file start_3.txt (compact mmCIF, C-alpha atoms)
# COMPACT_ATOMS: atom_id res chain seq x y z
CA MET J 922 109.54 127.76 150.49
CA PRO J 923 112.58 127.52 148.16
CA SER J 924 111.90 128.67 144.61
CA SER J 925 112.80 125.22 143.28
CA CYS J 926 110.01 123.68 145.34
CA GLN J 927 107.50 126.29 144.20
CA GLU J 928 107.74 125.09 140.61
CA THR J 929 107.21 121.39 141.27
CA GLY J 930 104.10 119.70 139.96
CA SER J 931 102.77 118.87 143.41
CA THR J 932 103.12 122.49 144.57
CA GLN J 933 101.43 123.78 141.44
CA PHE J 934 98.60 121.32 142.00
CA LEU J 935 98.06 122.65 145.53
CA LEU J 936 98.06 126.22 144.20
CA PHE J 937 95.69 125.14 141.43
CA LYS J 938 93.35 123.60 143.99
CA ILE J 939 93.38 126.71 146.19
CA ALA J 940 92.87 129.01 143.20
CA LEU J 941 89.86 127.01 142.04
CA ARG J 942 88.23 127.11 145.45
CA SER J 943 88.94 130.83 145.66
CA LEU J 944 87.43 131.30 142.18
CA ASP J 945 90.75 132.78 141.02
CA LEU J 946 90.54 131.27 137.54
CA ASP J 947 93.48 133.19 136.08
CA THR J 948 95.82 131.79 138.73
CA ALA J 949 94.33 128.32 138.23
CA LYS J 950 95.08 128.50 134.51
CA ARG J 951 98.66 129.65 135.15
CA CYS J 952 99.22 126.77 137.55
CA LEU J 953 97.79 124.35 135.03
CA ASP J 954 100.13 125.65 132.33
CA LYS J 955 103.09 125.10 134.65
CA VAL J 956 101.96 121.54 135.38
CA CYS J 957 101.67 120.83 131.65
CA ASN J 958 104.81 122.63 130.49
CA GLY J 959 107.13 122.16 133.43
CA PRO J 960 110.43 120.26 133.12
CA ASN J 961 109.10 117.28 135.09
CA LYS J 962 105.71 116.57 133.61
CA ASP J 963 103.65 114.20 135.73
CA ILE J 964 100.48 113.01 134.03
CA ALA J 965 99.18 111.68 137.35
CA ILE J 966 99.14 115.25 138.69
CA LEU J 967 97.31 116.34 135.57
CA TYR J 968 94.67 113.69 136.28
CA SER J 969 94.37 115.06 139.81
CA CYS J 970 93.82 118.53 138.35
CA ALA J 971 91.09 117.12 136.14
CA LEU J 972 89.29 115.51 139.08
CA GLU J 973 89.58 118.69 141.14
CA ALA J 974 88.26 120.85 138.29
CA GLN J 975 85.36 118.47 137.76
CA SER J 976 84.44 118.56 141.44
CA MET J 977 84.28 122.37 141.27
CA GLY J 978 82.12 122.30 138.14
CA ASN J 979 83.82 125.07 136.14
CA LYS J 980 83.33 124.14 132.47
CA ASP J 981 86.13 126.26 131.04
CA ILE J 982 88.71 124.92 133.46
CA ILE J 983 87.49 121.34 133.07
CA LEU J 984 87.76 121.55 129.28
CA LYS J 985 91.21 123.11 129.51
CA VAL J 986 92.46 120.41 131.88
CA LEU J 987 90.96 117.58 129.86
CA SER J 988 92.34 118.98 126.61
CA GLN J 989 95.81 119.08 128.13
CA LEU J 990 95.31 115.61 129.52
CA LEU J 991 94.42 114.17 126.13
CA GLU J 992 97.43 115.84 124.52
CA GLN J 993 99.67 114.22 127.12
CA ALA J 994 97.89 110.88 126.73
CA ASP J 995 98.87 110.76 123.05
CA THR J 996 102.53 110.43 124.00
CA THR J 997 102.45 109.22 127.62
CA THR J 998 101.06 106.05 129.15
CA PRO J 999 98.06 106.99 131.31
CA PRO J 1000 98.32 106.08 135.00
CA GLU J 1001 96.67 102.89 136.19
CA GLY J 1002 92.92 103.26 136.48
CA ALA J 1003 92.72 106.14 134.00
CA ASN J 1004 89.70 105.89 131.71
CA LEU J 1005 90.29 107.74 128.45
CA PRO J 1006 86.85 106.94 126.96
CA ALA J 1007 85.26 108.57 130.01
CA ILE J 1008 87.40 111.68 129.47
CA TYR J 1009 86.31 111.92 125.85
CA ARG J 1010 82.68 111.50 126.89
CA THR J 1011 82.98 114.18 129.56
CA MET J 1012 84.45 116.67 127.11
CA ILE J 1013 81.76 115.92 124.54
CA ARG J 1014 78.99 116.31 127.11
CA LEU J 1015 80.38 119.66 128.27
CA ILE J 1016 80.57 121.00 124.71
CA LEU J 1017 77.10 119.68 123.91
CA SER J 1018 75.69 121.43 126.97
CA ASP J 1019 77.10 124.71 125.64
CA ILE J 1020 75.65 124.02 122.20
CA GLN J 1021 72.23 123.33 123.66
CA GLU J 1022 72.36 126.55 125.67
CA ASN J 1023 73.28 128.64 122.60
CA LYS J 1024 71.11 128.57 119.50
CA THR J 1025 73.89 129.91 117.27
CA VAL J 1026 76.90 127.61 117.12
CA GLU J 1027 80.25 128.82 115.83
CA SER J 1028 82.09 126.57 113.41
CA GLY J 1029 85.08 126.55 115.77
CA ILE J 1030 83.01 124.80 118.45
CA LEU J 1031 81.78 122.23 115.94
CA ASP J 1032 85.35 121.67 114.74
CA THR J 1033 86.45 121.09 118.34
CA LEU J 1034 83.59 118.65 118.89
CA TYR J 1035 84.45 116.75 115.72
CA SER J 1036 88.14 116.72 116.69
CA ILE J 1037 87.35 115.10 120.05
CA PHE J 1038 85.23 112.43 118.39
CA GLN J 1039 88.03 111.80 115.89
CA LYS J 1040 90.63 111.49 118.66
CA ALA J 1041 88.35 109.10 120.50
CA LEU J 1042 88.01 107.00 117.36
CA ASN J 1043 91.78 106.94 116.83
CA ASN J 1044 92.32 105.88 120.43
CA ALA J 1045 89.64 103.19 120.18
CA VAL J 1046 91.24 101.74 117.04
CA LYS J 1047 94.70 101.89 118.60
CA SER J 1048 93.51 100.23 121.80
CA LYS J 1049 91.65 97.47 119.96
CA THR J 1050 94.62 96.77 117.69
CA ALA J 1051 97.00 96.54 120.65
CA SER J 1052 94.61 94.27 122.53
CA GLU J 1053 94.21 91.92 119.57
CA ALA J 1054 97.97 91.85 119.00
CA ALA J 1055 98.61 90.61 122.55
CA ALA J 1056 98.60 86.87 121.99
CA ASP J 1057 98.38 86.01 125.69
CA GLY J 1058 95.29 88.17 126.18
CA THR J 1059 96.85 90.11 129.05
CA LEU J 1060 96.34 93.51 127.41
CA LYS J 1061 92.68 94.38 127.70
CA SER J 1062 91.19 97.28 125.76
CA MET J 1063 89.57 100.01 127.86
CA TRP J 1064 87.02 100.38 125.06
CA SER J 1065 83.98 98.20 125.66
CA THR J 1066 81.04 97.58 123.34
CA ASP J 1067 79.04 100.03 125.45
CA GLU J 1068 81.63 102.70 124.68
CA TYR J 1069 81.44 101.99 120.95
CA ASP J 1070 77.67 102.23 121.22
CA TRP J 1071 77.75 105.57 123.06
CA PHE J 1072 80.05 107.20 120.52
CA SER J 1073 78.24 105.66 117.57
CA ARG J 1074 74.82 106.81 118.77
CA ASN J 1075 75.96 110.30 119.66
CA SER J 1076 77.84 110.88 116.41
CA TYR J 1077 74.74 109.65 114.56
CA ASN J 1078 72.50 112.03 116.51
CA LEU J 1079 74.88 114.89 115.74
CA ALA J 1080 74.77 114.00 112.04
CA LEU J 1081 70.97 114.26 112.14
CA ARG J 1082 71.20 117.54 114.00
CA ALA J 1083 73.70 118.86 111.48
CA LEU J 1084 71.26 118.16 108.65
CA GLN J 1085 68.83 120.64 110.18
CA HIS J 1086 70.95 123.31 111.82
CA TRP J 1087 74.63 123.23 110.79
CA PRO J 1088 76.68 123.50 107.57
CA PRO J 1089 76.35 120.29 105.51
CA GLN J 1090 79.95 119.16 105.91
CA TYR J 1091 79.29 118.42 109.58
CA ALA J 1092 76.52 115.98 108.65
CA LEU J 1093 79.10 114.25 106.48
CA HIS J 1094 81.76 114.27 109.21
CA PHE J 1095 79.60 112.89 112.01
CA SER J 1096 77.89 110.24 109.88
CA GLN J 1097 81.32 108.98 108.81
CA LEU J 1098 82.39 108.82 112.45
CA CYS J 1099 79.29 106.80 113.29
CA VAL J 1100 80.14 104.25 110.59
CA GLN J 1101 83.72 103.94 111.83
CA PHE J 1102 82.60 103.25 115.41
CA ILE J 1103 80.10 100.66 114.15
CA LYS J 1104 82.97 98.85 112.43
CA LEU J 1105 84.64 98.38 115.82
CA TYR J 1106 81.74 96.39 117.28
CA PRO J 1107 82.65 92.74 117.96
CA SER J 1108 80.00 91.15 115.76
CA GLU J 1109 80.38 87.78 117.45
CA SER J 1110 79.07 89.20 120.72
CA CYS J 1111 76.11 91.04 119.17
CA SER J 1112 72.66 89.53 118.97
CA GLU J 1113 70.82 89.28 115.66
CA GLU J 1114 68.61 92.21 116.66
CA GLU J 1115 71.62 94.34 117.59
CA LEU J 1116 73.31 93.60 114.27
CA GLU J 1117 70.12 94.50 112.43
CA ASN J 1118 69.94 97.83 114.28
CA LEU J 1119 73.60 98.54 113.55
CA ASN J 1120 73.14 97.80 109.86
CA LEU J 1121 70.10 100.07 109.76
CA ARG J 1122 71.99 102.89 111.47
CA ARG J 1123 74.86 102.43 109.06
CA SER J 1124 72.51 102.53 106.07
CA PHE J 1125 71.04 105.79 107.34
CA CYS J 1126 74.56 107.19 107.64
CA ASP J 1127 75.29 106.14 104.06
CA TYR J 1128 72.14 107.93 102.97
CA ILE J 1129 73.17 111.06 104.88
CA CYS J 1130 76.56 110.93 103.15
CA ALA J 1131 74.94 110.62 99.73
CA SER J 1132 72.50 113.45 100.41
CA THR J 1133 75.26 115.67 101.76
CA CYS J 1134 77.44 115.05 98.73
CA ILE J 1135 74.61 116.27 96.53
CA VAL J 1136 74.25 119.42 98.64
CA LEU J 1137 77.99 120.07 98.59
CA ALA J 1138 78.18 119.48 94.85
CA ARG J 1139 75.52 122.13 94.22
CA GLY J 1140 77.90 124.74 95.57
CA HIS J 1141 81.02 123.59 93.76
CA GLU J 1142 81.85 123.39 90.09
CA LYS J 1143 83.87 120.29 90.90
CA MET J 1144 83.33 118.50 94.17
CA GLU J 1145 86.56 117.99 96.06
CA ASP J 1146 87.89 114.43 95.95
CA GLN J 1147 88.26 114.27 99.71
CA GLU J 1148 84.52 114.74 100.18
CA VAL J 1149 84.01 111.41 98.43
CA ALA J 1150 87.30 109.83 99.47
CA LYS J 1151 86.33 109.85 103.13
CA PHE J 1152 83.84 107.07 102.48
CA GLY J 1153 86.93 104.90 102.36
CA GLN J 1154 85.75 101.49 101.16
CA LEU J 1155 84.02 100.34 98.01
CA GLN J 1156 81.01 98.66 99.63
CA PRO J 1157 79.66 101.86 101.24
CA LEU J 1158 80.39 103.68 97.99
CA ARG J 1159 78.30 101.17 96.09
CA ARG J 1160 75.36 101.70 98.43
CA ILE J 1161 75.75 105.46 98.07
CA GLY J 1162 75.86 105.15 94.29
CA ASP J 1163 72.56 103.30 94.30
CA MET J 1164 71.06 105.97 96.55
CA ILE J 1165 72.23 108.72 94.20
CA LEU J 1166 70.50 106.98 91.29
CA CYS J 1167 67.24 107.28 93.22
CA ALA J 1168 67.84 110.85 94.40
CA ASP J 1169 65.54 113.60 93.19
CA ALA J 1170 68.30 116.04 92.31
CA PRO J 1171 68.80 118.55 89.48
CA THR J 1172 70.35 116.91 86.43
CA ALA J 1173 73.59 118.92 86.59
CA THR J 1174 74.06 118.05 90.26
CA PHE J 1175 73.17 114.41 89.66
CA LEU J 1176 75.76 114.12 86.88
CA LEU J 1177 78.45 115.90 88.89
CA VAL J 1178 78.04 113.73 91.98
CA LEU J 1179 77.83 110.48 90.03
CA GLU J 1180 80.90 111.36 87.95
CA ASN J 1181 82.94 112.13 91.07
CA LEU J 1182 81.79 108.91 92.70
CA ILE J 1183 82.75 106.85 89.64
CA ASN J 1184 86.16 108.50 89.47
CA HIS J 1185 86.87 107.71 93.10
CA CYS J 1186 85.70 104.10 92.81
CA LEU J 1187 87.98 103.58 89.85
CA ARG J 1188 90.94 104.67 91.97
CA ILE J 1189 90.28 101.87 94.45
CA GLU J 1190 92.34 98.88 93.43
CA LYS J 1191 90.97 95.35 92.97
CA HIS J 1192 87.35 96.42 92.69
CA LYS J 1193 84.76 94.74 90.53
CA ILE J 1194 83.65 96.75 87.54
CA ASP J 1195 80.12 95.37 87.17
CA LYS J 1196 78.16 97.86 89.28
CA ILE J 1197 80.38 100.78 88.34
CA ALA J 1198 79.67 99.94 84.70
CA ARG J 1199 75.96 100.34 85.43
CA TRP J 1200 76.60 103.80 86.90
CA ILE J 1201 78.66 104.66 83.83
CA ARG J 1202 75.77 103.62 81.58
CA VAL J 1203 73.40 105.95 83.47
CA LEU J 1204 75.92 108.78 83.40
CA LEU J 1205 76.63 108.31 79.69
CA GLN J 1206 72.96 108.04 78.81
CA LYS J 1207 72.14 111.32 80.53
CA SER J 1208 75.28 113.04 79.22
CA LEU J 1209 74.47 112.12 75.63
CA GLN J 1210 71.21 114.03 76.04
CA GLY J 1211 72.90 117.38 76.46
CA ASP J 1212 76.40 117.32 77.92
CA LEU J 1213 78.56 115.92 75.13
CA ASP J 1214 81.81 117.19 76.67
CA ARG J 1215 81.16 115.01 79.71
CA ALA J 1216 80.12 112.14 77.43
CA GLU J 1217 83.39 112.43 75.51
CA ARG J 1218 85.41 112.36 78.75
CA LEU J 1219 83.48 109.30 79.78
CA VAL J 1220 84.17 107.48 76.50
CA TYR J 1221 87.91 108.00 76.92
CA GLN J 1222 87.57 106.73 80.48
CA ILE J 1223 85.73 103.61 79.32
CA LEU J 1224 88.42 102.90 76.73
CA ASP J 1225 91.08 103.28 79.40
CA ILE J 1226 89.19 100.89 81.69
CA CYS J 1227 88.92 98.31 78.91
CA GLN J 1228 92.65 98.48 78.26
CA ARG J 1229 93.56 98.10 81.94
CA ARG J 1230 91.11 95.45 83.13
CA ALA J 1231 92.65 92.20 84.33
CA VAL J 1232 91.41 88.80 83.21
CA GLY J 1233 88.26 87.90 85.12
CA ASN J 1234 87.35 91.52 85.76
CA GLU J 1235 86.66 92.75 82.23
CA TYR J 1236 84.12 95.40 81.35
CA PRO J 1237 80.69 93.71 80.98
CA GLN J 1238 80.13 92.76 77.35
CA ASP J 1239 76.47 93.74 77.23
CA GLU J 1240 77.40 97.20 78.52
CA LEU J 1241 80.03 97.59 75.81
CA GLU J 1242 77.51 96.60 73.14
CA TRP J 1243 75.03 99.17 74.48
CA ILE J 1244 77.70 101.89 74.59
CA ALA J 1245 78.87 101.15 71.03
CA ALA J 1246 75.28 101.23 69.74
CA SER J 1247 74.48 104.47 71.59
CA LEU J 1248 77.59 106.23 70.29
CA TRP J 1249 76.92 104.99 66.77
CA ASN J 1250 73.33 106.26 66.90
CA LEU J 1251 74.60 109.68 68.00
CA GLY J 1252 76.99 109.64 65.05
CA ILE J 1253 74.10 108.90 62.69
CA ASP J 1254 72.02 111.71 64.22
CA LYS J 1255 74.93 114.11 63.72
CA ASN J 1256 75.26 112.95 60.11
CA CYS J 1257 71.58 113.51 59.39
CA ALA J 1258 71.86 117.00 60.89
CA GLY J 1259 74.77 117.84 58.58
CA ASP J 1260 77.40 117.83 61.35
CA TYR J 1261 79.82 115.61 59.46
CA PRO J 1262 82.91 116.16 61.68
CA GLY J 1263 80.80 115.38 64.75
CA SER J 1264 79.34 112.35 63.01
CA LYS J 1265 82.81 111.03 62.19
CA LYS J 1266 84.05 111.55 65.76
CA TRP J 1267 81.20 109.69 67.47
CA ALA J 1268 81.19 106.91 64.90
CA GLU J 1269 84.91 106.40 65.50
CA PHE J 1270 84.25 106.28 69.24
CA ALA J 1271 81.67 103.55 68.58
CA LEU J 1272 84.21 101.59 66.54
CA SER J 1273 86.80 101.88 69.31
CA ILE J 1274 84.36 100.52 71.89
CA ALA J 1275 83.22 97.75 69.54
CA GLY J 1276 86.83 96.61 69.30
CA PHE J 1277 86.64 95.43 72.92
CA VAL J 1278 83.46 93.38 72.41
CA LYS J 1279 84.42 89.70 72.43
CA ASP J 1280 82.18 88.44 69.64
CA GLY J 1281 84.85 87.45 67.17
CA GLY J 1282 84.91 90.97 65.72
CA GLN J 1283 81.34 90.80 64.38
CA LEU J 1284 80.11 94.11 65.83
CA GLU J 1285 83.28 95.93 64.87
CA SER J 1286 83.11 94.58 61.30
CA LEU J 1287 79.44 95.56 61.02
CA LEU J 1288 80.13 99.12 62.12
CA GLN J 1289 83.19 99.40 59.89
CA GLY J 1290 81.06 98.48 56.89
CA LYS J 1291 78.50 101.12 57.78
CA PHE J 1292 81.20 103.66 58.57
CA ALA J 1293 82.53 103.41 55.03
CA SER J 1294 79.16 104.49 53.66
CA LEU J 1295 78.72 107.50 55.98
CA ARG J 1296 78.50 110.84 54.27
CA THR J 1297 81.49 112.99 55.21
CA SER J 1298 80.71 116.28 53.46
call {"tool": "encode", "arguments": {"input": "start_3.txt", "output": "structure tokens"}}
result
Amino acid sequence: MPSSCQETGSTQFLLFKIALRSLDLDTAKRCLDKVCNGPNKDIAILYSCALEAQSMGNKDIILKVLSQLLEQADTTTPPEGANLPAIYRTMIRLILSDIQENKTVESGILDTLYSIFQKALNNAVKSKTASEAAADGTLKSMWSTDEYDWFSRNSYNLALRALQHWPPQYALHFSQLCVQFIKLYPSESCSEEELENLNLRRSFCDYICASTCIVLARGHEKMEDQEVAKFGQLQPLRRIGDMILCADAPTATFLLVLENLINHCLRIEKHKIDKIARWIRVLLQKSLQGDLDRAERLVYQILDICQRRAVGNEYPQDELEWIAASLWNLGIDKNCAGDYPGSKKWAEFALSIAGFVKDGGQLESLLQGKFASLRTS
């Protein structure tokens, strides 16, 4: 056979097939590399390799073929009849079978598993977007509701498993994936019972995220922004914030997690300040009891919020009144204890907050009168 013919995809596929049946795995891998990296890549031949590998049942070869196939699928249109969701499911099942057989799981395997789920999610979103953009309805997504359900359930189960056996970040990763797949469900085709189950599963995922953030914060002086940022939207963040308020966590951890959550929420544009203001009240109240550096940072943050709020989304007035009164009381306590510089600082903070209370200046005037009579030395 001429050397030019030996390097063609069809020839390499035949050699690959023979090598597999002869259990010559090294030759099979070399043939597969030539199919993937040859000058005339043919994704149809790669699909044939995948089917052949699956029929022989060799996990390593199957995973290698499917990995190559998915890489090609990112840039090449799959042949007619190709089912990418099924490929993702097959890869996940193969990896899960290895995990179940081995009690100790390396982080690299978990990273690979998470990566496949993430690629599946990206493909599902891309496919749904393209299908919805086709006005004539001729482009049908290969992702059905059953597929969304399979990936949602399995990512949820992995999140639960991660809580018991794996590093905490994997519980966070897989619960976030579950939520993203739930968002893809066509709600109009779901029954009331199905929607209720989906909402319950999503709430559990939110709780897992909140719990995991607390665990991660215990090991970090400052929790990384991306750990919170991955929650993505304000509504899940609000539910998580409420869960954190009910969490039985050490005070330092509680304050750290809540502060990071508030900071991230404030970076989301066009959000309502009402519930965040309630979190700020809790955080300030606890900080004033022993972490005055954090309390001072929070006061500056509140003042900045008040200056930036648009009409119709102002800081709640009752919260401002409570903050001004609390800061003033701290100033009085400092004064009684003989800490006159500290007294002056916190009293001035109270005056600054009172300036944003829309009561015709009554509270600010009242505090100014009392401020003039404070002992300063």
call {"tool": "atom_distance", "arguments": {"input": "start_3.txt", "atom1": "CA of Lys1265 in chain J", "atom2": "CA of Asn1184 in chain J"}}
result
27.6 Å
call {"tool": "atom_distance", "arguments": {"input": "start_3.txt", "atom1": "CA of Leu953 in chain J", "atom2": "CA of Phe937 in chain J"}}
result
6.8 Å
call {"tool": "closest_residue", "arguments": {"input": "start_3.txt", "among": "J:Thr1066, J:Phe1072, J:Leu1079, J:Leu1219", "to": "Cys1111 in chain J", "atoms": "all atoms listed in the file"}}
result
J:Thr1066
call {"tool": "closest_residue", "arguments": {"input": "start_3.txt", "among": "J:Phe1102, J:Phe1095, J:Trp1267, J:Tyr1236", "to": "Asp1254 in chain J", "atoms": "all atoms listed in the file"}}
result
J:Trp1267
call {"tool": "closest_residue", "arguments": {"input": "start_3.txt", "among": "J:Phe1038, J:Tyr1128, J:Trp1087, J:Tyr1261", "to": "Asn1075 in chain J", "atoms": "all atoms listed in the file"}}
result
J:Phe1038
call {"tool": "residues_near_point", "arguments": {"input": "start_3.txt", "point": "(80.1, 114.6, 80.1)", "cutoff": "12 Å", "atoms": "all atoms listed in the file", "output": "JSON, numbers by chain"}}
result
{"J": [1172, 1173, 1175, 1176, 1177, 1179, 1180, 1181, 1201, 1202, 1203, 1204, 1205, 1206, 1207, 1208, 1209, 1210, 1211, 1212, 1213, 1214, 1215, 1216, 1217, 1218, 1219, 1220, 1221, 1222]}
call {"tool": "atom_distance", "arguments": {"input": "start_3.txt", "atom1": "CA of Ile1129 in chain J", "atom2": "CA of Asp1032 in chain J"}}
result
18.9 Å
call {"tool": "residues_around", "arguments": {"input": "start_3.txt", "residues": "Asp981 in chain J", "least_positions_apart": "2", "cutoff": "12 Å", "atoms": "all atoms listed in the file", "output": "list in words"}}
result
Leu941, Leu946, Asp947, Ala949, Lys950, Ala971, Ala974, Gln975, Met977, Gly978, Asn979, Ile983, Leu984, Lys985, Val986, Leu987, Ser988, Met1012, Leu1015, Ile1016 and Asp1019 of chain J
call {"tool": "residues_around", "arguments": {"input": "start_3.txt", "residues": "Pro1237 in chain J", "least_positions_apart": "3", "cutoff": "10 Å", "atoms": "only C-alpha atoms", "output": "NGL selection string"}}
result
:J and (1194-1196 or 1198-1199 or 1227 or 1234 or 1240-1242 or 1278)
call {"tool": "residues_around", "arguments": {"input": "start_3.txt", "residues": "Leu1288 in chain J", "least_positions_apart": "2", "cutoff": "10 Å", "atoms": "only C-alpha atoms", "output": "list of chain:residue names"}}
result
J:Ala1245, J:Ala1246, J:Trp1249, J:Ala1268, J:Glu1269, J:Ala1271, J:Leu1272, J:Ala1275, J:Gln1283, J:Leu1284, J:Glu1285, J:Ser1286, J:Gly1290, J:Lys1291, J:Phe1292, J:Ala1293
